[in-house]
>>> print(open('upload.cif').read())   # mmCIF, C-alpha atoms
data_work
#
loop_
_atom_site.group_PDB
_atom_site.id
_atom_site.type_symbol
_atom_site.label_atom_id
_atom_site.label_comp_id
_atom_site.auth_asym_id
_atom_site.auth_seq_id
_atom_site.Cartn_x
_atom_site.Cartn_y
_atom_site.Cartn_z
ATOM 1 C CA MET A 584 11.632 -4.965 -29.259
ATOM 2 C CA PRO A 585 10.068 -4.704 -25.786
ATOM 3 C CA HIS A 586 12.050 -3.370 -22.876
ATOM 4 C CA LEU A 587 13.425 -6.228 -20.799
ATOM 5 C CA SER A 588 13.121 -5.411 -17.150
ATOM 6 C CA ARG A 589 15.690 -6.483 -14.597
ATOM 7 C CA HIS A 590 12.838 -8.301 -12.844
ATOM 8 C CA LYS A 591 10.710 -10.600 -14.978
ATOM 9 C CA TRP A 592 7.577 -9.786 -12.950
ATOM 10 C CA LEU A 593 7.707 -6.060 -13.680
ATOM 11 C CA PRO A 594 5.716 -4.644 -16.618
ATOM 12 C CA SER A 595 7.809 -4.223 -19.721
ATOM 13 C CA GLU A 596 5.730 -2.832 -22.581
ATOM 14 C CA LYS A 597 2.802 -0.993 -21.050
ATOM 15 C CA TYR A 598 4.777 1.752 -19.307
ATOM 16 C CA PRO A 599 7.466 4.134 -20.490
ATOM 17 C CA VAL A 600 10.976 2.829 -20.098
ATOM 18 C CA LEU A 601 12.740 4.014 -16.981
ATOM 19 C CA ASP A 602 16.484 4.071 -17.242
ATOM 20 C CA ARG A 603 18.877 2.888 -14.562
ATOM 21 C CA THR A 604 19.146 6.391 -13.061
ATOM 22 C CA ASP A 605 15.356 6.782 -12.758
ATOM 23 C CA ARG A 606 15.126 3.389 -11.046
ATOM 24 C CA ARG A 607 18.014 4.268 -8.725
ATOM 25 C CA LEU A 608 16.331 7.559 -7.762
ATOM 26 C CA LEU A 609 13.080 5.753 -7.011
ATOM 27 C CA ALA A 610 14.898 3.137 -4.919
ATOM 28 C CA LEU A 611 16.766 5.824 -2.963
ATOM 29 C CA LEU A 612 13.542 7.728 -2.276
ATOM 30 C CA GLN A 613 11.776 4.563 -1.129
ATOM 31 C CA ALA A 614 14.595 4.047 1.370
ATOM 32 C CA ASP A 615 14.653 7.703 2.482
ATOM 33 C CA GLY A 616 11.917 10.038 1.291
ATOM 34 C CA ARG A 617 13.659 12.969 2.992
ATOM 35 C CA ALA A 618 16.912 12.618 1.056
ATOM 36 C CA ALA A 619 18.093 16.017 -0.153
ATOM 37 C CA GLY A 620 18.435 16.708 -3.862
ATOM 38 C CA VAL A 621 22.180 17.249 -3.566
ATOM 39 C CA GLU A 622 22.594 13.912 -1.778
ATOM 40 C CA LEU A 623 20.505 12.127 -4.415
ATOM 41 C CA ALA A 624 22.475 13.805 -7.196
ATOM 42 C CA GLU A 625 25.762 12.569 -5.737
ATOM 43 C CA LYS A 626 24.454 9.019 -5.398
ATOM 44 C CA VAL A 627 23.222 8.820 -9.000
ATOM 45 C CA GLY A 628 26.090 10.778 -10.550
ATOM 46 C CA LEU A 629 24.101 13.732 -11.921
ATOM 47 C CA SER A 630 24.041 17.443 -11.201
ATOM 48 C CA PRO A 631 21.472 18.657 -8.660
ATOM 49 C CA THR A 632 19.615 20.451 -11.468
ATOM 50 C CA ALA A 633 19.407 17.332 -13.652
ATOM 51 C CA THR A 634 18.347 15.270 -10.647
ATOM 52 C CA GLY A 635 15.653 17.793 -9.759
ATOM 53 C CA GLU A 636 14.323 17.698 -13.318
ATOM 54 C CA ARG A 637 14.151 13.904 -13.218
ATOM 55 C CA LEU A 638 12.292 14.010 -9.891
ATOM 56 C CA LYS A 639 9.798 16.523 -11.326
ATOM 57 C CA ARG A 640 9.245 14.276 -14.357
ATOM 58 C CA LEU A 641 8.845 11.155 -12.217
ATOM 59 C CA THR A 642 6.273 13.017 -10.109
ATOM 60 C CA ARG A 643 4.460 14.475 -13.129
ATOM 61 C CA GLU A 644 4.277 11.042 -14.767
ATOM 62 C CA GLY A 645 2.867 9.514 -11.567
ATOM 63 C CA TYR A 646 5.796 7.294 -10.552
ATOM 64 C CA ILE A 647 6.199 9.313 -7.346
ATOM 65 C CA THR A 648 2.779 9.665 -5.762
ATOM 66 C CA GLY A 649 3.696 11.452 -2.530
ATOM 67 C CA TYR A 650 5.862 11.625 0.556
ATOM 68 C CA ARG A 651 5.056 10.868 4.167
ATOM 69 C CA ALA A 652 6.641 9.909 7.450
ATOM 70 C CA THR A 653 6.624 6.309 8.615
ATOM 71 C CA VAL A 654 5.369 6.304 12.186
ATOM 72 C CA ASP A 655 5.999 3.563 14.758
ATOM 73 C CA PRO A 656 2.538 2.182 15.607
ATOM 74 C CA VAL A 657 3.700 0.592 18.881
ATOM 75 C CA LYS A 658 4.833 3.977 20.228
ATOM 76 C CA LEU A 659 1.276 5.176 19.529
ATOM 77 C CA GLY A 660 -0.203 2.249 21.439
ATOM 78 C CA LEU A 661 -1.419 0.448 18.299
ATOM 79 C CA ASN A 662 0.159 -2.871 19.215
ATOM 80 C CA LEU A 663 -2.123 -5.301 17.386
ATOM 81 C CA LEU A 664 -2.046 -5.671 13.610
ATOM 82 C CA VAL A 665 -5.055 -7.502 12.204
ATOM 83 C CA PHE A 666 -6.097 -8.684 8.751
ATOM 84 C CA VAL A 667 -9.761 -9.413 8.161
ATOM 85 C CA GLU A 668 -11.431 -11.325 5.350
ATOM 86 C CA VAL A 669 -14.750 -9.650 4.562
ATOM 87 C CA TYR A 670 -17.608 -11.486 2.876
ATOM 88 C CA LEU A 671 -20.459 -9.413 1.462
ATOM 89 C CA ASP A 672 -24.062 -10.596 1.475
ATOM 90 C CA LYS A 673 -24.335 -9.837 -2.254
ATOM 91 C CA THR A 674 -21.682 -9.522 -4.928
ATOM 92 C CA THR A 675 -23.381 -6.880 -7.021
ATOM 93 C CA PRO A 676 -21.939 -3.616 -8.307
ATOM 94 C CA ASP A 677 -24.193 -1.696 -5.909
ATOM 95 C CA ALA A 678 -23.022 -3.712 -2.874
ATOM 96 C CA PHE A 679 -19.375 -3.278 -3.864
ATOM 97 C CA GLU A 680 -19.867 0.467 -4.315
ATOM 98 C CA ARG A 681 -21.676 0.948 -0.996
ATOM 99 C CA PHE A 682 -19.050 -1.034 0.897
ATOM 100 C CA ALA A 683 -16.124 0.749 -0.790
ATOM 101 C CA THR A 684 -17.591 4.192 -0.142
ATOM 102 C CA ALA A 685 -18.205 3.424 3.530
ATOM 103 C CA VAL A 686 -14.853 1.715 4.210
ATOM 104 C CA LYS A 687 -12.974 4.730 2.799
ATOM 105 C CA ARG A 688 -14.545 6.814 5.593
ATOM 106 C CA ALA A 689 -13.341 4.483 8.374
ATOM 107 C CA PRO A 690 -10.036 5.900 9.679
ATOM 108 C CA GLU A 691 -9.305 2.672 11.566
ATOM 109 C CA VAL A 692 -8.982 0.846 8.237
ATOM 110 C CA LEU A 693 -5.381 1.180 7.056
ATOM 111 C CA GLU A 694 -5.879 -0.725 3.812
ATOM 112 C CA CYS A 695 -8.750 -2.420 2.035
ATOM 113 C CA HIS A 696 -8.390 -4.526 -1.096
ATOM 114 C CA MET A 697 -11.038 -6.197 -3.239
ATOM 115 C CA VAL A 698 -9.662 -9.656 -3.949
ATOM 116 C CA ALA A 699 -10.378 -12.614 -6.200
ATOM 117 C CA GLY A 700 -10.961 -15.888 -4.434
ATOM 118 C CA GLY A 701 -13.063 -17.157 -1.582
ATOM 119 C CA PHE A 702 -13.916 -13.796 -0.001
ATOM 120 C CA ASP A 703 -14.587 -10.256 -1.238
ATOM 121 C CA TYR A 704 -12.258 -7.850 0.599
ATOM 122 C CA LEU A 705 -9.117 -8.003 2.696
ATOM 123 C CA VAL A 706 -8.949 -5.305 5.377
ATOM 124 C CA LYS A 707 -5.868 -4.287 7.355
ATOM 125 C CA THR A 708 -6.222 -2.459 10.675
ATOM 126 C CA ARG A 709 -4.163 -1.624 13.767
ATOM 127 C CA VAL A 710 -5.620 -1.346 17.223
ATOM 128 C CA ALA A 711 -4.380 -1.260 20.799
ATOM 129 C CA ASP A 712 -5.311 -4.804 21.773
ATOM 130 C CA MET A 713 -7.888 -7.549 21.292
ATOM 131 C CA ASN A 714 -10.531 -5.625 23.273
ATOM 132 C CA ALA A 715 -10.087 -2.661 20.935
ATOM 133 C CA TYR A 716 -10.302 -5.002 17.952
ATOM 134 C CA ARG A 717 -13.559 -6.446 19.266
ATOM 135 C CA ARG A 718 -14.989 -2.914 19.481
ATOM 136 C CA PHE A 719 -13.723 -2.106 15.960
ATOM 137 C CA LEU A 720 -15.254 -5.312 14.613
ATOM 138 C CA GLY A 721 -18.661 -4.681 16.153
ATOM 139 C CA GLU A 722 -18.914 -0.918 15.817
ATOM 140 C CA VAL A 723 -17.128 -0.320 12.515
ATOM 141 C CA LEU A 724 -16.530 -3.352 10.332
ATOM 142 C CA LEU A 725 -19.763 -5.285 10.838
ATOM 143 C CA ALA A 726 -21.693 -2.006 10.585
ATOM 144 C CA LEU A 727 -20.432 -1.395 7.031
ATOM 145 C CA PRO A 728 -23.025 -1.906 4.293
ATOM 146 C CA ALA A 729 -23.501 -5.419 2.889
ATOM 147 C CA VAL A 730 -21.092 -7.154 5.296
ATOM 148 C CA ARG A 731 -22.313 -10.706 5.916
ATOM 149 C CA GLU A 732 -19.337 -12.358 7.590
ATOM 150 C CA THR A 733 -15.716 -11.788 8.577
ATOM 151 C CA ARG A 734 -12.699 -13.901 9.412
ATOM 152 C CA THR A 735 -9.971 -12.409 11.581
ATOM 153 C CA TYR A 736 -6.224 -13.014 11.471
ATOM 154 C CA ALA A 737 -4.262 -11.400 14.299
ATOM 155 C CA VAL A 738 -0.592 -10.961 13.436
ATOM 156 C CA MET A 739 1.800 -12.619 15.873
ATOM 157 C CA GLU A 740 5.012 -11.334 14.251
ATOM 158 C CA GLU A 741 5.709 -8.790 11.536
ATOM 159 C CA VAL A 742 8.399 -10.396 9.428
ATOM 160 C CA LYS A 743 8.819 -7.907 6.554
ATOM 161 C CA THR A 744 7.252 -4.465 6.554
ATOM 162 C CA ASP A 745 9.464 -2.197 4.447
ATOM 163 C CA GLY A 746 7.049 -2.171 1.519
ATOM 164 C CA ALA A 747 9.671 -1.049 -1.018
ATOM 165 C CA LEU A 748 8.920 -1.966 -4.607
ATOM 166 C CA PRO A 749 11.540 -4.064 -6.426
ATOM 167 C CA LEU A 750 13.408 -1.751 -8.750
#
>>> encode(input="upload.cif", output="structure tokens")
Amino acid sequence: MPHLSRHKWLPSEKYPVLDRTDRRLLALLQADGRAAGVELAEKVGLSPTATGERLKRLTREGYITGYRATVDPVKLGLNLLVFVEVYLDKTTPDAFERFATAVKRAPEVLECHMVAGGFDYLVKTRVADMNAYRRFLGEVLLALPAVRETRTYAVMEEVKTDGALPL
């Protein structure tokens, strides 16, 4: 019998079953990646040693992929969040590969996703203002290999940005 997830949209058969404690640990770490082992142990009702072993296993199995600080972009002067639809001039494996290789080298690109639908890639970037975006568009994005056209969506309000996975 397949594992029935708490959320119907989560995978149920393809991945090893995580118990309630594993899911709770992952949720706690998503909320606070700096939580101490002792604190996590108390919250999940295990000893610090058992909690540490679970965290090692979750890391080894690839559920935990890393830790990093969340930095306020506005305090760094990166006030404008922009999403850009990117259309390539050709949709061939070579064009996809050249674009992907080049976009990975562009530090201004926060995220880039190949998508199904009316365009090829969705790019996320943060810049100081619209003038900085115009420079990014001309000097970085349109200079990437195989780019034919772009469509820009400047974000007026960030409604939800926590990015935590539903566990």
>>> resolve_selection(input="upload.cif", expression="the PyMOL selection byres ((chain A and resi 692) around 8)", output="number ranges by chain")
A: 686-687, 689-691, 693-695, 706-709
>>> residues_around(input="upload.cif", residues="A:Arg731", least_positions_apart="5", cutoff="6 Å", atoms="all atoms listed in the file", output="VMD selection string")
chain A and resid 670 to 672
>>> resolve_selection(input="upload.cif", expression="the PyMOL selection byres ((chain A and resi 715-730) around 12)", output="PyMOL selection string")
chain A and resi 660-692+695+702-714+731-737
>>> resolve_selection(input="upload.cif", expression="the PyMOL selection byres ((chain A and resi 621) around 10)", output="number ranges by chain")
A: 618-620, 622-626, 629-632, 634-635
>>> atom_distance(input="upload.cif", atom1="atom CA of A:Lys658", atom2="atom CA of A:Gly746")
19.8 Å
>>> closest_residue(input="upload.cif", among="A:Thr653, A:Leu641, A:Glu741, A:Glu636", to="A:Val600", atoms="all atoms listed in the file")
A:Leu641
>>> atom_distance(input="upload.cif", atom1="atom CA of A:Asp615", atom2="atom CA of A:Arg640")
18.9 Å
>>> residues_around(input="upload.cif", residues="A:Tyr646", least_positions_apart="3", cutoff="12 Å", atoms="all atoms listed in the file", output="list in words")
Tyr598, Pro599, Val600, Leu601, Asp605, Arg606, Leu608, Leu609, Ala610, Leu612, Gln613, Arg637, Leu638, Lys639, Arg640, Leu641, Thr642, Arg643, Gly649, Tyr650, Leu748 and Leu750 of chain A
>>> axis_aligned_box(input="upload.cif", around="stretch 709-723 of chain A", padding_each_side="4 Å", output="JSON")
{"center_x": -11.5, "center_y": -3.9, "center_z": 17.9, "size_x": 22.8, "size_y": 15.2, "size_z": 18.8}
>>> atom_distance(input="upload.cif", atom1="atom CA of A:Arg651", atom2="atom CA of A:Asp602")
25.2 Å
